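Visitor: Below you will find the structure I want to go over with you.
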Amino acid sequence: MADSFAAIILAAGQSRRMGEFKPLLPLGESTVLEHGVALFRRSGIRDLRVVTGHEGDRLQDLLHSLQVPRVDNPRYREGMFTSIQAAVRTLPEGISAFFLLPVDIPLVRPSTVKTLLRAWHTGRQGIIQPVFNGIYGHPPLISIRYRDIILGADGEGGLKKLLRNFFEDTLELEISDEYVLLDMDTPEDYELLCHRWNRQGIPTEKECEHLLAHQFDLPRHTVEHCRQVARIAVRMVDELNRKGLSIDRELILAAGLLHDCVRSQPHHAVAGEKALRQLGFPEVGSVVGQHMDLSVSDDPKPSAAEILYLADKLIGGHHRLDLKNRFEEKKKRYAGQSEILDKIESRLQAALKIKGKLESFLGSSLEKVLTESENENIQQA
C-alpha cells in the first residue's frame, strides 16, 4: 500500500549557480516545487515533507496551501546530507520506505515512481535505485531500516557514498526516464527543462533508445531498421521545414525510432500504438499506429503519420530503396494471392501520393533531395 511510503523533497539549498530561488521558479502553470509534490501524490504517496533552509520562509504560504509539512534545516549550509537527516528524523512509525527527491529534479515521470513501488513489492532489496543508461538518478526508494544508519553518519561523500556500502541490498533499476538525471543548476539547465516540460508526451532520443534496448528488448537488426527510418524521416522533415512548413521534428524522430517497438506481435503497428499509449506517449503512439496502413488526407501539407509511413516504405532493412522496385519485389513474392496483392498495391499508391505531396513543397524529386542531404551530412561528418 502507498500509505506505508513517504516522500522527502529537498529544497534547502542556496541556488548559487542558478541565481534565483529554485523552488518557486515557474514550470508550466505551476512552480518547480509543486511539480515535485504532484509527482508523489499522483502515485498515492500521502506522507510528504519538504526540507527548507535558505529563504525557507518564502515557501511557507505555498506549503500551507499544498498541505505539506515543512522541515526546517538550520544546518543547510553544511550540505544536502544534513537536510536528508533532518527529514528522516521526522518520519513516523509505520513507514516502510521513503523516496528522496531534490527539488531541482522536477520532471521525473509518474510512471517511474510507480515502477519503483512495483519493484519494492516484488523484490527483497532495501534500496531501489533508478538508473538511466548506468547512471544513478532520483528518486531512490530507501527502506526505513536505513534510518539509524543515515542519522548516525557524518555525511562525508553524501548519501550516494553511504548507500554504496550496501550494494548487495540495492536493486539498480534501469528506467526509460532521462528526467531522473536532469537537474537545474544553471539558467541554461532551467531553460532546457522548461522546453522539456512542454514536450513530456514525447520521449527524448535517449529515452527512445533506452526503450528499444530495455523495455522492448528488440534484436539488433530491428533496432538498426528503426534508426534508419527515423533518420530518413527527420531528413524529410528538415527539408520541408526549410521550405516554410512547421512539422514537429521531435515527434517524427520518436515515432521513427519506436515504430517497430513490438515488431514480433501480430498487427504490430496497432499493438505498438497501444504499448506507447500505456507508457504515456499517446501522440507518438497515434503516429506509430498508422505506419503500416493509412488513408492519405487531401490536405496538401503532409502529416507526421504520412511522413513516417513513407519513410518506412523507403527503408528495406537498413538501406534506402526505390519505392516502385521495392513493391514490385513484393508483388512477385506474392504472385497469385489476390488479397495480398491488393493490399500491396494500396500501400504503394498511398506511398506515391505522400511522395507527391512532399515533392510539391520541395520543388524537386524526393530522391534528389534525400541524396543531396545525405551527401551534405557525409561532408559535415
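Following the order of the C-alpha cells, first chain is A, next is B, and so on, with residues numbered from 1 inside each chain and ligands from 1 in the order they appear.
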Name all residues at most 9 Å from stretch 74-77 of chain A (count only C-alpha atoms; drop same-chain ones fewer than 6 positions away) and give them as a list in words.
Guide: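 Answer for this query is Ala12, Gly13, Gln14, Thr52, Gly53, His54 and Ser83 of chain A.
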Visitor: Would you mind exporting the chosen residues as a PDB file, in the first residue's frame, restricted to N, CA, C and O atoms?
Guide:
ATOM      1  N   ALA A  12      16.353  23.004   0.451  1.00  0.00           N
ATOM      2  CA  ALA A  12      17.042  23.891   1.399  1.00  0.00           C
ATOM      3  C   ALA A  12      18.256  24.592   0.801  1.00  0.00           C
ATOM      4  O   ALA A  12      18.838  25.459   1.455  1.00  0.00           O
ATOM      5  N   GLY A  13      18.639  24.236  -0.418  1.00  0.00           N
ATOM      6  CA  GLY A  13      19.880  24.757  -0.994  1.00  0.00           C
ATOM      7  C   GLY A  13      19.832  26.242  -1.311  1.00  0.00           C
ATOM      8  O   GLY A  13      18.767  26.867  -1.353  1.00  0.00           O
ATOM      9  N   GLN A  14      21.015  26.789  -1.594  1.00  0.00           N
ATOM     10  CA  GLN A  14      21.144  28.239  -1.802  1.00  0.00           C
ATOM     11  C   GLN A  14      21.019  28.678  -3.253  1.00  0.00           C
ATOM     12  O   GLN A  14      21.015  29.873  -3.527  1.00  0.00           O
ATOM     13  N   THR A  52      13.343  22.711   4.185  1.00  0.00           N
ATOM     14  CA  THR A  52      13.669  24.091   3.832  1.00  0.00           C
ATOM     15  C   THR A  52      14.906  24.548   4.596  1.00  0.00           C
ATOM     16  O   THR A  52      15.297  23.952   5.600  1.00  0.00           O
ATOM     17  N   GLY A  53      15.492  25.611   4.082  1.00  0.00           N
ATOM     18  CA  GLY A  53      16.683  26.178   4.717  1.00  0.00           C
ATOM     19  C   GLY A  53      16.877  27.592   4.221  1.00  0.00           C
ATOM     20  O   GLY A  53      16.297  28.541   4.745  1.00  0.00           O
ATOM     21  N   HIS A  54      17.622  27.724   3.120  1.00  0.00           N
ATOM     22  CA  HIS A  54      17.848  29.038   2.520  1.00  0.00           C
ATOM     23  C   HIS A  54      16.513  29.649   2.093  1.00  0.00           C
ATOM     24  O   HIS A  54      15.765  29.063   1.312  1.00  0.00           O
ATOM     25  N   SER A  83      20.138  17.943   5.324  1.00  0.00           N
ATOM     26  CA  SER A  83      18.697  18.054   5.049  1.00  0.00           C
ATOM     27  C   SER A  83      18.042  16.679   5.039  1.00  0.00           C
ATOM     28  O   SER A  83      16.904  16.512   5.504  1.00  0.00           O
TER      29      SER A  83
END
Visitor: Do you know which residues are at most 8 Å from stretch 30-47 of chain A counting only C-alpha atoms, after dropping those on the same chain fewer than 5 positions away, and could you put them as a ChimeraX atom specification?
Guide: /A:2-3,5-7,9,22-25,101,103-110,113-114
Visitor: Counting only C-alpha atoms, which residues of stretch 137-200 of chain A fall within 8 Å of stretch 117-125 of chain A, and what is the closest atom pair for each with its distance in Å at one decimal, ordered by chain and rising number, as a tab-separated table?
Guide:
residue	atom	partner	partner_atom	distance
A:Glu168	CA	A:Gln125	CA	8.0
A:Asp169	CA	A:Gln125	CA	4.8
A:Thr170	CA	A:Gln125	CA	5.5
A:Leu171	CA	A:Gln125	CA	6.1
Visitor: Stretch 291-372 of chain A: which residues are strand (DSSP E) by DSSP, as a PyMOL selection string?
Guide: chain A and resi 315-316+319-320
Visitor: Would you list the contacts of A:Ala350 as a PyMOL selection string, taking every protein, DNA or RNA residue within 10 Å and counting only C-alpha atoms, but skipping same-chain residues closer than 3 positions in sequence?
Guide: chain A and resi 293-297+306+309-310+344-347+353-356
Visitor: Stretch 198-211 of chain A: which residues within 10 Å, counting only C-alpha atoms, same-chain residues fewer than 3 positions away excluded, as an MDAnalysis selection string?
Guide: chainID A and resid 27:28 107:109 132:133 174:179 193:195 214:218 223 226:227 250:258 261 277 279:285
Visitor: A:Leu159: which residues within 8 Å, counting only C-alpha atoms, same-chain residues fewer than 3 positions away excluded, as a list in words?
Guide: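 Skipping anything fewer than 3 positions along the chain leaves Phe81, Ile150, Gly155, Leu162 and Leu163 of chain A.
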Visitor: Once you have the residues from the selection above, write them out as a PDB file, in the first residue's frame, restricted to all heavy atoms.
Guide:
ATOM      1  N   PHE A  81      23.251  16.479   2.827  1.00  0.00           N
ATOM      2  CA  PHE A  81      23.074  15.342   3.720  1.00  0.00           C
ATOM      3  C   PHE A  81      22.412  15.757   5.032  1.00  0.00           C
ATOM      4  O   PHE A  81      21.633  14.999   5.608  1.00  0.00           O
ATOM      5  CB  PHE A  81      24.424  14.661   3.994  1.00  0.00           C
ATOM      6  CG  PHE A  81      24.288  13.310   4.632  1.00  0.00           C
ATOM      7  CD1 PHE A  81      23.985  12.194   3.865  1.00  0.00           C
ATOM      8  CD2 PHE A  81      24.443  13.145   5.998  1.00  0.00           C
ATOM      9  CE1 PHE A  81      23.836  10.940   4.455  1.00  0.00           C
ATOM     10  CE2 PHE A  81      24.302  11.908   6.599  1.00  0.00           C
ATOM     11  CZ  PHE A  81      24.001  10.793   5.823  1.00  0.00           C
ATOM     12  N   ILE A 150      21.632   6.391   8.493  1.00  0.00           N
ATOM     13  CA  ILE A 150      21.701   7.746   7.945  1.00  0.00           C
ATOM     14  C   ILE A 150      21.887   8.768   9.061  1.00  0.00           C
ATOM     15  O   ILE A 150      22.725   9.671   8.965  1.00  0.00           O
ATOM     16  CB  ILE A 150      20.430   8.050   7.116  1.00  0.00           C
ATOM     17  CG1 ILE A 150      20.410   7.193   5.850  1.00  0.00           C
ATOM     18  CG2 ILE A 150      20.350   9.538   6.760  1.00  0.00           C
ATOM     19  CD1 ILE A 150      19.099   7.250   5.083  1.00  0.00           C
ATOM     20  N   GLY A 155      28.124  12.057   6.980  1.00  0.00           N
ATOM     21  CA  GLY A 155      27.729  12.714   5.734  1.00  0.00           C
ATOM     22  C   GLY A 155      28.848  12.934   4.753  1.00  0.00           C
ATOM     23  O   GLY A 155      28.623  13.481   3.667  1.00  0.00           O
ATOM     24  N   LEU A 162      27.372   6.732   1.063  1.00  0.00           N
ATOM     25  CA  LEU A 162      26.903   5.911   2.174  1.00  0.00           C
ATOM     26  C   LEU A 162      26.188   4.664   1.673  1.00  0.00           C
ATOM     27  O   LEU A 162      26.444   3.540   2.134  1.00  0.00           O
ATOM     28  CB  LEU A 162      25.975   6.732   3.076  1.00  0.00           C
ATOM     29  CG  LEU A 162      25.333   5.992   4.253  1.00  0.00           C
ATOM     30  CD1 LEU A 162      26.398   5.529   5.230  1.00  0.00           C
ATOM     31  CD2 LEU A 162      24.314   6.887   4.952  1.00  0.00           C
ATOM     32  N   LEU A 163      25.287   4.842   0.715  1.00  0.00           N
ATOM     33  CA  LEU A 163      24.495   3.714   0.241  1.00  0.00           C
ATOM     34  C   LEU A 163      25.321   2.725  -0.565  1.00  0.00           C
ATOM     35  O   LEU A 163      24.949   1.547  -0.681  1.00  0.00           O
ATOM     36  CB  LEU A 163      23.316   4.224  -0.593  1.00  0.00           C
ATOM     37  CG  LEU A 163      22.268   5.048   0.172  1.00  0.00           C
ATOM     38  CD1 LEU A 163      21.105   5.398  -0.740  1.00  0.00           C
ATOM     39  CD2 LEU A 163      21.765   4.310   1.410  1.00  0.00           C
TER      40      LEU A 163
END
Visitor: Give me the residues near A:Ala86 as number ranges by chain, where near means some atom within 9 Å (using only C-alpha atoms) and where sequence neighbours in that chain fewer than 5 positions away do not count.
Guide: A: 51, 71-73, 81, 151
Visitor: Which residues of stretch 308-331 of chain A have any atom within 10 Å of an atom in stretch 359-372 of chain A when counting only C-alpha atoms, and what is the closest pair of atoms for each, with the distance in Å to one decimal? Order the rows by chain and rising number and write it as CSV.
Guide:
residue,atom,partner,partner_atom,distance
A:Arg320,CA,A:Glu367,CA,9.8
A:Leu321,CA,A:Glu367,CA,9.8
A:Asp322,CA,A:Glu367,CA,8.5
Visitor: Which residue gives the smallest distance to A:Ala275 among A:Leu100, A:Val262, A:Met18, A:Leu141, with only C-alpha atoms counted?
Guide: A:Val262
Visitor: Using Å and a single decimal, report how far atom CA of A:Ser143 sits from atom CA of A:Gly126.
Guide: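 Between these atoms lies a distance of 4.9 Å.
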Visitor: With a distance cut-off of 10 Å and only C-alpha atoms, select the neighbouring residues of A:Arg147, excluding the residue or stretch itself and same-chain residues fewer than 4 positions from it, and output the selection as a list of chain:residue names.
Guide: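 Non-adjacent residues within range: A:Gln85, A:Val88, A:Arg89, A:Leu91, A:Ala97, A:Phe98, A:Ile142, A:Ser143, A:Leu151, A:Gly152.
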Visitor: Go ahead and write the selection's residues with C-alpha atoms as a short mmCIF file (atom, residue, chain, number, x, y, z; two decimals), in the first residue's frame.
Guide:
data_model
loop_
_atom_site.label_atom_id
_atom_site.label_comp_id
_atom_site.auth_asym_id
_atom_site.auth_seq_id
_atom_site.Cartn_x
_atom_site.Cartn_y
_atom_site.Cartn_z
CA GLN A 85 18.97 13.70 8.17
CA VAL A 88 14.47 11.25 8.08
CA ARG A 89 14.44 12.13 11.76
CA LEU A 91 9.45 10.06 9.69
CA ALA A 97 10.42 3.19 2.92
CA PHE A 98 10.88 6.73 1.68
CA ILE A 142 15.10 3.57 0.71
CA SER A 143 13.97 1.19 3.43
CA LEU A 151 21.20 9.58 11.23
CA GLY A 152 24.48 8.27 12.62
#
Visitor: Looking at only C-alpha atoms, which of A:Ala153, A:Val131, A:Val50, A:Leu358 is the one that sits closest to A:Glu239?
Guide: A:Leu358
Visitor: Could you check the closest approach to A:Glu374 for each of A:Arg235, A:His221, A:His319, A:Lys161 and tell me which residue wins, using only C-alpha atoms?
Guide: A:Arg235
